[in-house]
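Written below as structure tokens is the structure these notes are about.
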Amino acid sequence: MLKKELPKAYNPADYEDAIYAQWEKSGFFNPDNLKGDPYSIMMPPPNVTGVLHLGHALENSLMDIMARYQRMNGKKVLLLPGTDHAAVATQAKVEKVLVEQGMKNPRQELGREKLLEKIREYAEDSKSTILKQIRKMGTSCDWSRLAYTFDEARGRAVNEVFIKMYNDGLIYRGNRVVNWSVKGQSTCSDDELVHVERPAKLYTFKYAKDFPIAVATTRPETKLGDTAVAVNSKDKRYKKYIGQVFKVEVGAAKPLEIKIIADENVEMEFGTGAVGVTPAHSMVDFEMFEKQKAKGDNIGLVQVIGQNGKMTEAAGKEYAGLTVLEAREKFIDWLNKEKLLEKEEDITQNVGTSDRFGDAVEVLPMTQWFIDVNKKIPNKDKSLKDLMREAVTIGHNGDDKQKVKITPDRFAKVYLNWIDNLRDWCISRQIWWGHRIPVWYKKEEIYVGEKEPGDGWKQDEDTLDTWFSSGLWTFSTLGWPASAKATADKPVKTSDLKTFHPTSWMQMGYEILFFWMARMILMSTYALDQIPFKDVYIHGMLRNEMGKKFSKSSGNNLNPLEVAAKFGTDALRLSLISGIAPGNDSKFYEEKVEGARNMVNKLWNISRFIIGNNQLPITNFQLNAKKITLADKWILSKISWLIYETSINCLENYQFSQAGEELRIFTWNDLADWYLEISKFEDNKEKEEILIYILSELLKLWHPFIPFVTETIWQEMGNKGLLMVEKWPDRKGSDFNFKVSVEFDLIKDIIIAIRNARSGNKVEPAKKIKAVIYAGKQKDLIDSQVHLIKGLRTGISELKIKVSGEKISGAIYAAVGDIEIYLLGAVDAEKEKARLEKEISNLEKIIKAAESRLANKEFIDKAPAEIIKKEKEKLKGWQAELKSLKSK
RNA sequence: GGACGAUUAGCUCAGAUGGUUAGAGCGCCUCGUUUACACCGAGGAGGCCGUGGGUUCAAUUCCUACAUCGUCCACCA
């Protein structure tokens, strides 16, 4: 066999690229080359606004662990990669760059086509960097199915859904108030707002001296557009005014006609108990306006702020053209002059700002495209909201199999709460980078369709909210709609949809729960009548040592590729998934990666030792050891347990951190620290066989987490095939031998005690007493103890064993020179007896309680069968324990 | 205002459907020139599991109240 001298330390850079190339070339990233049940994961497409950050690195690690695990378990795994054009984000970013380069207004100066060209260049550049980075992370995705939210195939899907929704009456064009970013000159959805707390002034005033009700506002300038005052109908002070209209002159173009209306949402106790209603510049007020309108009462809507952020003509001659702030001052001056201002208070206020452009948004009435989330879908008697709710509660159409399982489940509550507050979704944007709305106009005519219907038609200028296309991601990537195939820039297999949808597993950060998860559920249940994924794992955010978010703007961005270059991709991956719990934020810092790097190196050196010392052929290995010792039994028992733990308990339940922990404990504390040491003096054919077996299985278990180093070692062993597609070890959890484990732990204790004694450390016998009683009854065990104690770096060559009968039940003494080590013997009979008695009485109590519970008829009748079964099992265990205790 | 999360070793964090001795990594202390590894080895110290109450034979775990920190949603006009 081949004996290669491996370097002392594992140097990732020497192997990673070649290994990835090998994987890719093998074709096993592509499910078409795999057999078995389909298993699909759609990569959340990173925005083409920049490069990958640590969050992406975490996501890639999580997805790849699942993909590799499932692949090794014989699944036909599709991990589909892609990128997102990130409409507003990308355009905002490029515009910012252009402005920094000296352009004043890129949109005006370049025009639509040229600006789009610039953005496209930027996006393509960013995209290619991102794709390289994904490779670098070792992600085993199918590059042949690479998708982009803004490519032709995805564009087809977008149009198809838009048209379908329009025809179903779910998409409408309406004049409603929207969030408007003056800086970005575009709308944004409610979810795109970032609320910032700011100090503000709250003014209480009356519109006129003879106006009966005072109102309060932080935005006096908008009051030029008030059309009503809302009060609670139960409010005795104001009840008499309800329905009356007051004409007041405040300086606007026309005198305001303020109608007093009733609204149950107005709190009587707060402020003056009355609200000045500005339908044009407040979401809530607009809703009141609509409510009144539905009752047949049009209170009117006056827009006093324009899209340029300046006051309109309607605000009056004095005000038109002023900025919002100038107008505010002017209005306050006027109120003061007229002695209408009653109060001025300092308060803090939450202001909605544009996520991408950063300015405080203005609420304005505009004609935009909306998705109606409350309207019943034709032939369904359900609204989109209903669909979104159903998917996580009773399952789509009440089908339990079509239910999205959210891990951790508390996010289901957050999600449902969000749906309750959801307003119609404004989907049109006035930016250019994005899917253009497939609607055409010719004079008064309107046509909704993919291509212009003939001469003289003009397409809608607006583009779609980027989440519209992201919402289709799970199926637009799988060849939906079928016609996408013809025009796709890449061949798309339409059969994919049938095979891989609903997708098996999805992961994402909680910050895009509403943006993305909700929209995917909406789109998929509506368009396909299927949930988008069965399982969704929500991860937390990564923060730096100070607990701050990593962000480019704050300059504390850690580049995952630099970390990977320094410590290796495996170390980065392992450190990212260590110590995390689903949905919880975690801190990330370099020391963590260092620890993971050390782990990787440890595995490398274990392998180096096993490969280097072995005389047997180590490929295609089958365990056949016949003569085995206690240590052999122990390690085989342990790895059997490890296989069970990592597969069933951890990975099947998305306990990634736990899996890594279990693997590390076995590898370092059990295998390296004990078994490898034992193998140095119990050197025989059986040991070698077992070592190869253990290493092979261990590499498989580690592979999803640290794919590069495991694959490298696998090949250094001389294996022909790729570890990536090796069969996952059989889960024979039952092979775990508790007795052997206890016996071996005893030996460990003895050896540790000897080492302590020799190094002058104190011995604590209490812990060992229990063990010795156990040992005393077994000749074999004593022999193996002697053997191991002699062998394992204790410096002991002579061992005096004394097994006594009654007084000391099985004590072991080890004599080293003139030191007589008092290890396990000399059981203090009294103490031991007391201890046993306490334990027995404790157990008896427990058993009694359990028995009475099982005897309770109510409990038997009402408790689920499973619980009763468990209770019985527990009871049995306790009873057995009690018996064994009593026998002592 | 509503909801959710966190509170466990010096630091960063796991964990237990309630059960005998609560874990890891890092850090710290002592020891170690062993041929897989100093990216190492051996050992050790260090915890009223946030506070009060309740349920229970048994609570750090379940319930409840509170405190502190954090997040999301709604926004009071």
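As shown in the structure tokens, the chain order sets the letters A, B, ...; within each chain, residues go from 1, and ligands are also counted from 1 in the order they appear.
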I need the contact residues of chain A against chain B, so if you could list those with any atom within 6 Å, counting only C-alpha atoms (C1' of nucleotides), and return them as a PyMOL selection string, that would help. chain A and resi 217+275+579+598+605-606+608-609+845
Go ahead and write the selection's residues with N, CA, C and O atoms as a short mmCIF file (atom, residue, chain, number, x, y, z; two decimals), in the first residue's frame.
data_model
loop_
_atom_site.label_atom_id
_atom_site.label_comp_id
_atom_site.auth_asym_id
_atom_site.auth_seq_id
_atom_site.Cartn_x
_atom_site.Cartn_y
_atom_site.Cartn_z
N THR A 217 -50.64 67.47 16.78
CA THR A 217 -49.90 66.93 15.63
C THR A 217 -48.41 67.16 15.80
O THR A 217 -47.99 68.09 16.49
N VAL A 275 -58.68 63.60 16.79
CA VAL A 275 -57.59 63.48 15.82
C VAL A 275 -57.90 64.30 14.59
O VAL A 275 -58.98 64.16 14.01
N GLY A 579 -22.13 26.58 18.62
CA GLY A 579 -22.69 27.45 19.65
C GLY A 579 -23.85 28.29 19.18
O GLY A 579 -24.11 29.34 19.73
N ASN A 598 -8.19 24.36 15.02
CA ASN A 598 -7.48 23.36 15.81
C ASN A 598 -8.17 22.01 15.74
O ASN A 598 -7.51 20.97 15.70
N ASN A 605 -4.32 15.14 12.11
CA ASN A 605 -3.21 14.42 12.73
C ASN A 605 -3.60 13.02 13.22
O ASN A 605 -2.78 12.11 13.21
N ILE A 606 -4.84 12.90 13.62
CA ILE A 606 -5.34 11.55 13.95
C ILE A 606 -5.21 10.68 12.70
O ILE A 606 -4.71 9.55 12.76
N ARG A 608 -3.33 11.18 10.14
CA ARG A 608 -1.92 11.02 9.80
C ARG A 608 -1.32 9.85 10.59
O ARG A 608 -0.58 9.02 10.06
N PHE A 609 -1.67 9.78 11.84
CA PHE A 609 -1.20 8.69 12.69
C PHE A 609 -1.74 7.34 12.20
O PHE A 609 -1.00 6.37 12.04
N LYS A 845 -39.12 6.61 46.71
CA LYS A 845 -40.08 7.73 46.61
C LYS A 845 -40.52 7.94 45.16
O LYS A 845 -41.70 8.07 44.87
#
Any chance you could list, as a ChimeraX atom specification, the residues in region 134-356 of chain A that come up helix (DSSP H, G or I) when DSSP is run on the backbone? /A:134-136,143-145,152-167,190-192,220-225,239-241,279-281,283-294,313-315,324-337
If you run DSSP on the backbone here, which positions in region 154-340 of chain A get strand (DSSP E)? Please write them as a PyMOL selection string. chain A and resi 171-181+186-188+193-205+215-217+228-231+245-248+256-262+274-277
Fewer than 2 positions away in the same chain doesn't count, so skip those; otherwise give me all residues within 10 Å of C28 (chain B), counting only C-alpha atoms (C1' of nucleotides), as a PDB file with all heavy atoms, in the first residue's frame.
ATOM      1  P     G B  10     -17.692  33.284  37.025  1.00  0.00           P
ATOM      2  OP1   G B  10     -16.821  32.979  38.173  1.00  0.00           O
ATOM      3  OP2   G B  10     -19.075  33.803  37.233  1.00  0.00           O
ATOM      4  O5'   G B  10     -16.930  34.321  36.079  1.00  0.00           O
ATOM      5  C5'   G B  10     -16.695  35.657  36.512  1.00  0.00           C
ATOM      6  C4'   G B  10     -15.789  36.302  35.500  1.00  0.00           C
ATOM      7  O4'   G B  10     -14.538  35.577  35.491  1.00  0.00           O
ATOM      8  C3'   G B  10     -16.290  36.251  34.062  1.00  0.00           C
ATOM      9  O3'   G B  10     -17.061  37.401  33.767  1.00  0.00           O
ATOM     10  C2'   G B  10     -15.004  36.220  33.249  1.00  0.00           C
ATOM     11  O2'   G B  10     -14.447  37.507  33.125  1.00  0.00           O
ATOM     12  C1'   G B  10     -14.099  35.379  34.158  1.00  0.00           C
ATOM     13  N9    G B  10     -14.152  33.935  33.871  1.00  0.00           N
ATOM     14  C8    G B  10     -14.495  32.944  34.756  1.00  0.00           C
ATOM     15  N7    G B  10     -14.457  31.751  34.229  1.00  0.00           N
ATOM     16  C5    G B  10     -14.060  31.965  32.924  1.00  0.00           C
ATOM     17  C6    G B  10     -13.845  31.043  31.871  1.00  0.00           C
ATOM     18  O6    G B  10     -13.963  29.820  31.895  1.00  0.00           O
ATOM     19  N1    G B  10     -13.454  31.675  30.698  1.00  0.00           N
ATOM     20  C2    G B  10     -13.300  33.021  30.555  1.00  0.00           C
ATOM     21  N2    G B  10     -12.929  33.440  29.351  1.00  0.00           N
ATOM     22  N3    G B  10     -13.504  33.902  31.529  1.00  0.00           N
ATOM     23  C4    G B  10     -13.868  33.310  32.675  1.00  0.00           C
ATOM     24  P     A B  45     -11.166  21.029  40.932  1.00  0.00           P
ATOM     25  OP1   A B  45     -11.730  20.423  42.149  1.00  0.00           O
ATOM     26  OP2   A B  45     -11.799  20.776  39.625  1.00  0.00           O
ATOM     27  O5'   A B  45     -11.078  22.602  41.153  1.00  0.00           O
ATOM     28  C5'   A B  45     -10.341  23.142  42.242  1.00  0.00           C
ATOM     29  C4'   A B  45     -10.138  24.613  42.021  1.00  0.00           C
ATOM     30  O4'   A B  45      -9.401  24.801  40.791  1.00  0.00           O
ATOM     31  C3'   A B  45     -11.432  25.395  41.799  1.00  0.00           C
ATOM     32  O3'   A B  45     -12.004  25.776  43.036  1.00  0.00           O
ATOM     33  C2'   A B  45     -10.949  26.591  40.988  1.00  0.00           C
ATOM     34  O2'   A B  45     -10.360  27.578  41.812  1.00  0.00           O
ATOM     35  C1'   A B  45      -9.866  25.959  40.112  1.00  0.00           C
ATOM     36  N9    A B  45     -10.361  25.568  38.798  1.00  0.00           N
ATOM     37  C8    A B  45     -10.761  24.330  38.368  1.00  0.00           C
ATOM     38  N7    A B  45     -11.131  24.287  37.103  1.00  0.00           N
ATOM     39  C5    A B  45     -10.966  25.594  36.682  1.00  0.00           C
ATOM     40  C6    A B  45     -11.189  26.221  35.442  1.00  0.00           C
ATOM     41  N6    A B  45     -11.637  25.581  34.356  1.00  0.00           N
ATOM     42  N1    A B  45     -10.939  27.538  35.343  1.00  0.00           N
ATOM     43  C2    A B  45     -10.486  28.179  36.435  1.00  0.00           C
ATOM     44  N3    A B  45     -10.233  27.707  37.650  1.00  0.00           N
ATOM     45  C4    A B  45     -10.497  26.398  37.704  1.00  0.00           C
ATOM     46  P     G B  46     -13.562  25.658  43.233  1.00  0.00           P
ATOM     47  OP1   G B  46     -13.872  26.129  44.596  1.00  0.00           O
ATOM     48  OP2   G B  46     -14.010  24.324  42.789  1.00  0.00           O
ATOM     49  O5'   G B  46     -14.117  26.735  42.204  1.00  0.00           O
ATOM     50  C5'   G B  46     -13.865  28.121  42.417  1.00  0.00           C
ATOM     51  C4'   G B  46     -14.252  28.884  41.181  1.00  0.00           C
ATOM     52  O4'   G B  46     -13.486  28.374  40.055  1.00  0.00           O
ATOM     53  C3'   G B  46     -15.711  28.693  40.750  1.00  0.00           C
ATOM     54  O3'   G B  46     -16.552  29.605  41.433  1.00  0.00           O
ATOM     55  C2'   G B  46     -15.649  28.990  39.261  1.00  0.00           C
ATOM     56  O2'   G B  46     -15.655  30.374  38.999  1.00  0.00           O
ATOM     57  C1'   G B  46     -14.276  28.409  38.887  1.00  0.00           C
ATOM     58  N9    G B  46     -14.391  27.051  38.343  1.00  0.00           N
ATOM     59  C8    G B  46     -14.372  25.870  39.033  1.00  0.00           C
ATOM     60  N7    G B  46     -14.502  24.815  38.265  1.00  0.00           N
ATOM     61  C5    G B  46     -14.611  25.344  36.984  1.00  0.00           C
ATOM     62  C6    G B  46     -14.778  24.699  35.731  1.00  0.00           C
ATOM     63  O6    G B  46     -14.856  23.497  35.486  1.00  0.00           O
ATOM     64  N1    G B  46     -14.852  25.620  34.688  1.00  0.00           N
ATOM     65  C2    G B  46     -14.783  26.984  34.833  1.00  0.00           C
ATOM     66  N2    G B  46     -14.867  27.718  33.723  1.00  0.00           N
ATOM     67  N3    G B  46     -14.619  27.607  35.993  1.00  0.00           N
ATOM     68  C4    G B  46     -14.546  26.725  37.013  1.00  0.00           C
TER      69        G B  46
END
Compile the contact shell of Pro45 (chain A) as a ChimeraX atom specification: residues with an atom at most 12 Å away, counting only C-alpha atoms (C1' of nucleotides), same-chain residues fewer than 4 positions apart removed. /A:41,49,52,56,59-60,79-86,127,130-131,134,146-150,466-467,469-474,477,506-508,516
Take the residues that were just selected and, keeping C-alpha atoms, output them as a short mmCIF file (atom, residue, chain, number, x, y, z; two decimals), in the first residue's frame.
data_model
loop_
_atom_site.label_atom_id
_atom_site.label_comp_id
_atom_site.auth_asym_id
_atom_site.auth_seq_id
_atom_site.Cartn_x
_atom_site.Cartn_y
_atom_site.Cartn_z
CA ILE A 41 -33.03 23.28 -1.15
CA THR A 49 -25.26 44.72 -4.37
CA LEU A 52 -20.87 37.94 0.50
CA HIS A 56 -24.13 34.39 3.75
CA GLU A 59 -26.29 30.21 5.30
CA ASN A 60 -24.01 28.43 2.89
CA LEU A 79 -29.15 22.64 -3.96
CA LEU A 80 -29.99 25.35 -6.43
CA PRO A 81 -27.78 28.44 -6.46
CA GLY A 82 -28.76 31.89 -7.58
CA THR A 83 -28.58 35.62 -7.12
CA ASP A 84 -31.11 38.40 -6.69
CA HIS A 85 -31.14 41.59 -8.72
CA ALA A 86 -32.34 43.41 -5.58
CA LYS A 127 -22.65 38.49 -9.34
CA ILE A 130 -20.54 36.20 -5.34
CA LEU A 131 -20.57 33.01 -7.36
CA ILE A 134 -20.07 30.46 -2.96
CA LEU A 146 -27.93 28.56 -11.69
CA ALA A 147 -30.66 31.17 -11.63
CA TYR A 148 -30.97 34.92 -11.36
CA THR A 149 -34.14 36.74 -10.38
CA PHE A 150 -33.68 39.09 -13.31
CA THR A 466 -38.05 43.09 -5.93
CA TRP A 467 -39.82 40.73 -3.52
CA SER A 469 -39.81 38.02 -8.11
CA SER A 470 -38.14 36.65 -4.99
CA GLY A 471 -41.50 35.31 -3.92
CA LEU A 472 -41.53 33.02 -6.92
CA TRP A 473 -38.06 31.70 -6.21
CA THR A 474 -38.91 28.15 -5.18
CA THR A 477 -36.15 28.24 -10.63
CA MET A 506 -35.40 26.25 3.46
CA GLN A 507 -33.32 28.34 5.75
CA MET A 508 -33.26 32.09 6.24
CA TRP A 516 -39.50 36.70 1.81
#
